[in-house]
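Worksheet for the structure shown next.
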Number of protein chains: 2
Amino acid sequence: MDTILNLGLNDQTVRGLAASSGDERFAWDSYRRFVQMYASVVLGIDHARFEDALEKAKEDRGVSQDVDLSATDLRDLIGEFFGIVEAERGAPFPQDVDEQLASAIAAVFESWESDRAKVYRRLNGIPGEWGTAVNVQAMVFGNLGETSATGVAFTRNPATGDKAYYGEWLVNAQGEDVVAGIRTPQYLTLAARTAAGAKLPSMEEALPAVFTELARLFELLELHYQDMQDIEFTVERGKLYILQTRSGKRTAKAALKIAVDMVEEGLIAEEAAIRRIDPASLDQLLHPTLDPDAPRTLLGSGLPASPGAASGAVVFDADTAAVRAELGENVILVRQETSPDDIHGMHVARGILTAKGGMTSHAAVVARGMGRPCVSGASSLSIDYQARSAEIGGVHIAEGDLITIDGSTGEIFQGALPTVMPELDREFATVMAWADRHRRMNVRTNAETPADCEVARQFGAEGIGLCRTEHMFFDGERINFMRQMILAANVAERLVALDRLLPEQRSDFARIFEIMQGLPVTVRLLDPPLHEFLPHSESEFTELSAAVGIGVDQLRRRAEELAESNPMLGHRGCRLGVVYPEIYEMQARAIFEAACAVSRETGQPVVPEIMIPLVGTARELDMLKRIVIGVSEAVFAEQGLTVEFTVGTMIELPRAALVADEIAKVGEFFSFGTNDLTQTTLGISRDDAGRFLGSYIDKGIFATDPFVSIDVEGVGKLIAMAARLGREARPDIKLGICGEHGGDPASIAFCDRVGLDYVSASPFRVPIARLAAAQSALAAT
Amino acid sequence: MDTILNLGLNDQTVRGLAASSGDERFAWDSYRRFVQMYASVVLGIDHARFEDALEKAKEDRGVSQDVDLSATDLRDLIGEFFGIVEAERGAPFPQDVDEQLASAIAAVFESWESDRAKVYRRLNGIPGEWGTAVNVQAMVFGNLGETSATGVAFTRNPATGDKAYYGEWLVNAQGEDVVAGIRTPQYLTLAARTAAGAKLPSMEEALPAVFTELARLFELLELHYQDMQDIEFTVERGKLYILQTRSGKRTAKAALKIAVDMVEEGLIAEEAAIRRIDPASLDQLLHPTLDPDAPRTLLGSGLPASPGAASGAVVFDADTAAVRAELGENVILVRQETSPDDIHGMHVARGILTAKGGMTSHAAVVARGMGRPCVSGASSLSIDYQARSAEIGGVHIAEGDLITIDGSTGEIFQGALPTVMPELDREFATVMAWADRHRRMNVRTNAETPADCEVARQFGAEGIGLCRTEHMFFDGERINFMRQMILAANVAERLVALDRLLPEQRSDFARIFEIMQGLPVTVRLLDPPLHEFLPHSESEFTELSAAVGIGVDQLRRRAEELAESNPMLGHRGCRLGVVYPEIYEMQARAIFEAACAVSRETGQPVVPEIMIPLVGTARELDMLKRIVIGVSEAVFAEQGLTVEFTVGTMIELPRAALVADEIAKVGEFFSFGTNDLTQTTLGISRDDAGRFLGSYIDKGIFATDPFVSIDVEGVGKLIAMAARLGREARPDIKLGICGEHGGDPASIAFCDRVGLDYVSASPFRVPIARLAAAQSALAAT
């Protein structure tokens, strides 16, 4: 909603204003302000034109402040403004006050469709169909002399959450003067002025009676709205007018403190405090952020793909990243875009910067999963891999040069800027504890490295909802064993390579089971198409050829054979297990051997849940479940030890949702893989959506990005159907979600509504999910 | 079901048989036959080993016929057989008659899982889960002297359908002698023997009493089963035994004649006649077939991807195909696999042969649509594009060499074999007329060339269910205008290229509307991703660069920009219309201008149905429908003429099916695009499925190929849901199917059950669809 202060000034009415106020200068100043704002906002003329004319008028008259211009000066200036308007517009400045108002109202409505508004909406998930509203108020004047004033205030500190009035004001001024920065605004309270050592008096000192009245209204409004208020006010000849009040925007830190304080003040209930905090904002608290006081040189910007700030030396490939990181250097991996081949480089990098790809590109998704800051789709970045250099916004960057990225804003800076680590203070812990008391759903994490598992457990994860095993195959020497496995000419050769991978997998699982002791760990068996593991570059082929003793040509032919037209819909997921059961056998053995070992060592229960991906039929699951059970029996007999486990499946294909009753007869749990389920249900490849998804959101075809927030009407219908069918066939089936949506508050609310047992989010989103789950539970009561 | 004739012979019982029959030679001959068959079928020893031993035994004794071997000769031979068995098996030939029977029964059950059986099932769409049965009968002997005999017979001619007994018999023989080809079998009837000029007596002459009895049983069995019977019989010392009777396999021609005859004979009703004919078999009648009498040299074989036979000179690319065809030459296009770029070459080719791809590859689908014979996935074919030559089964084939392909069998022959054109006789017309009387659903065709439209109309198509407009953009100069359109830097440039395409599209539509006068024509607006239209080869880029005046590097960059990771799920279908509305505007204009012109010329109604592809939300359809309606209003005003039309959509994404009620509020018809709906619902790319789909069918995960026959449980559930939701929202909505499944009898039955109004099939499958629709309607009554 926008508010229009209705002035209705023209060559006639300005004289009436002069007469009624008894202050001619004031009347012409008001007219000047009105013409200037109307011309730029409603008529769309560059506001710099008017600022320039105003500056020139002050220069000509040898004065520095607007207030030093006389009524005559201002009338002359308005004449110049009219000239500018007529030249730009081909018509004079409108004199009909009704037309002025109607056009102003129209301008507000049109602003809803501006590019800026669209981008804002897209970034904040606001549906375009909501539209906007217009509020028209009579004008009051803060520029009516020394007893008039204007200001903006918060009832508490929106940066820290401290309970102290926070704001700025100016005497003899209108609202735009406070924000324009020409005159330095004054502090509102004596305490603030004193603390800042400012000279100009605070409002508390200058207009004590009005300030007292203002403070009374602050308390009244906070009490009424039960929230910190952001207030605009004007004082006209000693009389206080509140122009607007709304719940104030605040940092996550402030949001937590205000919520906890208000509960302790008895102002709001615990439930209200939980409801009030934007879960997504917690992100700010959980990642290192740029030191706000550090000087900086902005090179360019991209999409804020994974929050947090990171500095380091630029490297252009994953191997170099690994080498330099090994030597203890902080590196930023800079790529056109990333692929699964880059995983090891992404792991060791402090941050990731890509020229292509959106908020849901490979780089973005993996970086968020790893908790690495990432800026993606930086269009001003161009990379010359051959020359091992890049340009960002015209600045040349050689490999090894230091840069800083801020994944929360998408900005890229020159050099290494200092960052500050988050402190998770008392209020964070308090709110999380409240949230845990109120939520129904469990919160797990998507993690596969020991580091991620530890972070997630600290953040309160109640298990692992998705442990992707494929990432484990990229590290170090393993990738060569993996490639040998893929290139094997027959089962016997494949088994040799798998035997080499077995101890690696087993030790991976053992470390994860140790960290997650007592909590369930859902391990997804191999999912991506095999060609993702094969080399891409010439040098990699040569290297592999030497390692496996197969000619480069033959390797390349095999890689071409494995290439697919639509890999997303190709030979992957459980289809690998069906065609190459020995791969899943090896993985199942690694899981059970690790589980036995950890269970014996620690005496704590180890709870593996083995998840078969990309199932579309009950038969696939049945066939593969039998294999897993066969391996378990063999391992338990060898180890003389039994570990409880379950076998379940991802629901990530429409068909799986449609026949969920059949699948539930076999599977002991469902985990909704909403990334792929969204891709298949909507027929949209996430990697290719960039070309039209923006257009689709702008045109209101999708209210929000369906890869960020579950498409409730379509994908949601399938999930609800599958949950219902699944429970009908197996009443105690465990239902969860492990797609990216598991960390999105709106999607978490949906999951709660359809009765899922848990959501699983990347480690850094676990607190967000805990809070969102609590909010959803409260919404249902 | 298999029948085991229980013999139970061993070294003891053979003597008993000799005693009871009074014929020692007969007893040892029976034992020899039994050991030979048991060793090869049950013990799995190569049957050639025994044949060789038998041949050698006859040579050693200087005789040419098995019957000339004495009892002693046979006993010695059995001794040799035992030696072979023991050497191969490491154990003697089993003497326990119960073990013999049990092993024989097990062998039948095991045969169900043999590779041959699996391939057969896959080709014939028989679910693996059906399993088989075993029937055990006491043995009777046709080898008990001159009053004993054996034979196989059909109650009518299974090749032509003529009402005349048809069969072969041998005196003093067992069943395997008839098929083994060592002795020439004799004709059953005097008429057949006379007609063939054969010397050996017919059974009618040699065993007249038995023949009379046999003929009586033929009539009885036909009357009982009301169908032509395939009968195996044995005569043991003058006594007739019927070993087996079943409905006989027959050619499509015979099936039609027998059905019509039987109705005319009053044996069966019209409905039964319709039910009895396998719709898929009609394919044989509708395509040219190889002259069965022509000598041939088989080079290799692939999959029978599109039926019919074709001969011509081998060409390795579409352009060469076009050039040589222009000169009047018959060509066979031979490619690794085909792409939309090859369409013009496929059009002019007599047949298509590919090394890669399955029954549902691009080549197969397009060829079936065009009615071109196609053999796909011929693994023994390797092509050297550079050398412009190929090898098929080791034989070198240069460009221009003649080959023949049989798309009904998948065979590839050297040279140009003569073919015979189908005659559609009285019986075909009769059965089609009966089918039309009984079916509920309409049958349309998928066609976009005038030739295809004409064929389809002749075959009884009641409209076009899918006219793909993209194929129209590949011909001749148009592809360059299309490419200019794609490469346009802005809307203005794009409009220039579109203006050039407009008259071409208009004349295409005009010709189709003329041919289809009075019938509905569903035109699908542009669907495939734009990069499908861009060049692939170096020379094409150079050519295009010259034509459009843009550097090769820039063209290649643009092509790379347009490349997608998963084009199937990319920027295609209505997403093109949303981002580039001017493309759909041009197409709508072309349709309406053509409709006005044809309507004015012919005075006949023209019934365009404009179909928006790949819709997932009602908003997309609404937005694009408005564009189409806007264009229609403009054109009708310009032309001073109005043409009735409707705007509807494909339902080919799971989301579209899920929100079909919303979509039906906007769309006036749904056409189920089951190809893409199957791909997205199952998450299987048709182009990539080759690597695992065979395995999936063999292992019983899918009963039949879901791209051939609708996956009723999964995809079918979505279709049923969408049909129900669509009708709820718009009771008079028209529902049809235009995927490949529209020509598959099982899928047609499904469409009938869920109440679709029509199916649409490729021109050559229209008669099949008419018959299948009638069968389905009869099944429902």
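Each chain in the structure tokens gets a letter, A, B, ..., in the order shown, and its residues are numbered from 1; ligands are numbered from 1 in order too.
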Handout entry: All residues 9 Å or closer to Cys574 of chain A, only C-alpha atoms, same chain fewer than 5 positions away omitted, as a PyMOL selection string
Key = chain A and resi 525-527+579+584+612-615+620-621+624
Exercise for the section: Restrict the distance test to only C-alpha atoms, flag each residue of chain A within 7 Å of chain B, and return the flagged residues as a count of residues only. Expected result: 32
Exercise for the section: as JSON, numbers by chain, please: all residues of segment 343-432 of chain A that backbone DSSP puts in helix (DSSP H, G or I). Expected result: {"A": [343, 344, 345, 346, 347, 348, 362, 363, 364, 365, 366, 367, 368, 369, 370, 426, 427, 428, 429, 430, 431, 432]}
Can I get the selected residues back with C-alpha atoms, as a PDB file, in the first residue's frame?
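Contents of part_33.pdb, freshly written:
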```pdb
ATOM      1  CA  ILE A 343      32.335 -30.961  -5.929  1.00  0.00           C
ATOM      2  CA  HIS A 344      35.788 -31.488  -4.426  1.00  0.00           C
ATOM      3  CA  GLY A 345      36.732 -27.929  -5.340  1.00  0.00           C
ATOM      4  CA  MET A 346      33.497 -26.575  -3.892  1.00  0.00           C
ATOM      5  CA  HIS A 347      34.129 -28.466  -0.673  1.00  0.00           C
ATOM      6  CA  VAL A 348      37.529 -26.907  -0.109  1.00  0.00           C
ATOM      7  CA  HIS A 362      23.994 -26.627  -9.477  1.00  0.00           C
ATOM      8  CA  ALA A 363      26.378 -24.195  -7.821  1.00  0.00           C
ATOM      9  CA  ALA A 364      23.592 -22.579  -5.796  1.00  0.00           C
ATOM     10  CA  VAL A 365      21.991 -25.798  -4.640  1.00  0.00           C
ATOM     11  CA  VAL A 366      25.232 -27.528  -3.739  1.00  0.00           C
ATOM     12  CA  ALA A 367      26.645 -24.426  -2.069  1.00  0.00           C
ATOM     13  CA  ARG A 368      23.526 -24.022   0.073  1.00  0.00           C
ATOM     14  CA  GLY A 369      23.690 -27.680   0.938  1.00  0.00           C
ATOM     15  CA  MET A 370      27.326 -27.282   1.998  1.00  0.00           C
ATOM     16  CA  ARG A 426      20.525 -16.163  24.383  1.00  0.00           C
ATOM     17  CA  GLU A 427      17.524 -14.976  22.381  1.00  0.00           C
ATOM     18  CA  PHE A 428      18.291 -17.383  19.526  1.00  0.00           C
ATOM     19  CA  ALA A 429      18.451 -20.305  21.934  1.00  0.00           C
ATOM     20  CA  THR A 430      15.273 -19.162  23.686  1.00  0.00           C
ATOM     21  CA  VAL A 431      13.253 -18.855  20.490  1.00  0.00           C
ATOM     22  CA  MET A 432      14.521 -22.205  19.205  1.00  0.00           C
TER      23      MET A 432
END
```
Exercise for the section: Do a neighbour search on segment 53-58 of chain A at 10 Å with only C-alpha atoms, toss out local chain neighbours closer than 4 positions, and write the hits as a PyMOL selection string. Expected result: chain A and resi 32+36+48-49+62-69+73-74+76-78+80-81+84
Practice task
Would you list the contacts of Phe533 of chain B as number ranges by chain, taking every protein, DNA or RNA residue within 12 Å and counting only C-alpha atoms, but skipping same-chain residues closer than 4 positions in sequence?
Solution key: B: 339-343, 470-475, 478-487, 526-529, 540-541, 544, 559, 562-563
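For Ile352 of chain A, the non-local neighbours within 7 Å, defined as residues at least 5 positions apart in the same chain or in other chains and counting only C-alpha atoms, are Ile332, Leu333, Val334, Met346, Pro373, Cys374 and Val375 of chain A.
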Handout entry: Contacts of segment 184-190 of chain B within 10 Å, only C-alpha atoms, excl. fewer than 4 positions in-chain, as a PyMOL selection string
Key = chain B and resi 150-153+164-171+177-180+194-196+198-206+211
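Candidate residues A:Ala774, A:Ala723, A:Gly377, A:Ala390 were compared for distance to Arg437 of chain A, and the nearest is A:Ala774, using only C-alpha atoms.
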Problem - Length of the atom CA of Arg439 of chain B to atom CA of Ser776 of chain B vector [Å] - result: 7.5 Å
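Across the structure, atom CA of Ala660 of chain A and atom CA of Thr781 of chain A are spaced 29.0 Å apart.
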Practice task
Could you check how far atom CA of Thr354 of chain A sits from atom CA of Leu381 of chain A, in Å to one decimal?
Solution key: 7.9 Å
Env of segment 3-9 of chain B: 8 Å cut, atoms = only C-alpha atoms, seq-sep filter 4 positions within chain, self excluded. Answer as a PDB file with C-alpha atoms, in the first residue's frame.
```pdb
ATOM      1  CA  THR B  13      10.677-100.226 -20.612  1.00  0.00           C
ATOM      2  CA  VAL B  14      11.868-100.156 -24.232  1.00  0.00           C
ATOM      3  CA  TYR B  31      13.576 -94.770 -27.684  1.00  0.00           C
ATOM      4  CA  PHE B  34      12.948 -89.833 -27.005  1.00  0.00           C
ATOM      5  CA  GLN B  95      16.889 -94.064 -16.383  1.00  0.00           C
ATOM      6  CA  VAL B  97      11.052 -92.467 -15.710  1.00  0.00           C
ATOM      7  CA  ASP B  98       9.627 -90.294 -12.912  1.00  0.00           C
ATOM      8  CA  GLN B 100      12.444 -87.907 -16.712  1.00  0.00           C
ATOM      9  CA  LEU B 101       8.924 -86.587 -16.434  1.00  0.00           C
ATOM     10  CA  ALA B 104      10.653 -82.379 -18.630  1.00  0.00           C
ATOM     11  CA  ILE B 105       7.984 -80.462 -16.739  1.00  0.00           C
ATOM     12  CA  VAL B 134       2.165 -77.878 -18.692  1.00  0.00           C
ATOM     13  CA  ASN B 135      -0.192 -80.557 -20.031  1.00  0.00           C
ATOM     14  CA  VAL B 136       0.952 -84.192 -19.753  1.00  0.00           C
ATOM     15  CA  GLN B 137      -0.546 -86.775 -22.132  1.00  0.00           C
ATOM     16  CA  ALA B 138       0.046 -90.453 -22.649  1.00  0.00           C
ATOM     17  CA  MET B 139       2.091 -91.144 -25.798  1.00  0.00           C
TER      18      MET B 139
END
```
Handout entry: Those of segment 180-370 of chain A in DSSP strand (DSSP E), formatted as an NGL selection string
Key = :A and (186-187 or 229-236 or 239-247 or 289-290 or 298-301 or 303-306 or 309-315 or 331-335 or 351-354)
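You can rank B:Phe669, B:Phe233, B:Tyr758, B:Tyr225 by their closest distance to Arg276 of chain B using only C-alpha atoms, and at the top of that list sits B:Tyr225.
Restricting the calculation to only C-alpha atoms, the smallest distance between Gly394 of chain B and any of B:Ala325, B:Ala637, B:Glu129, B:Leu298 is found for B:Leu298.
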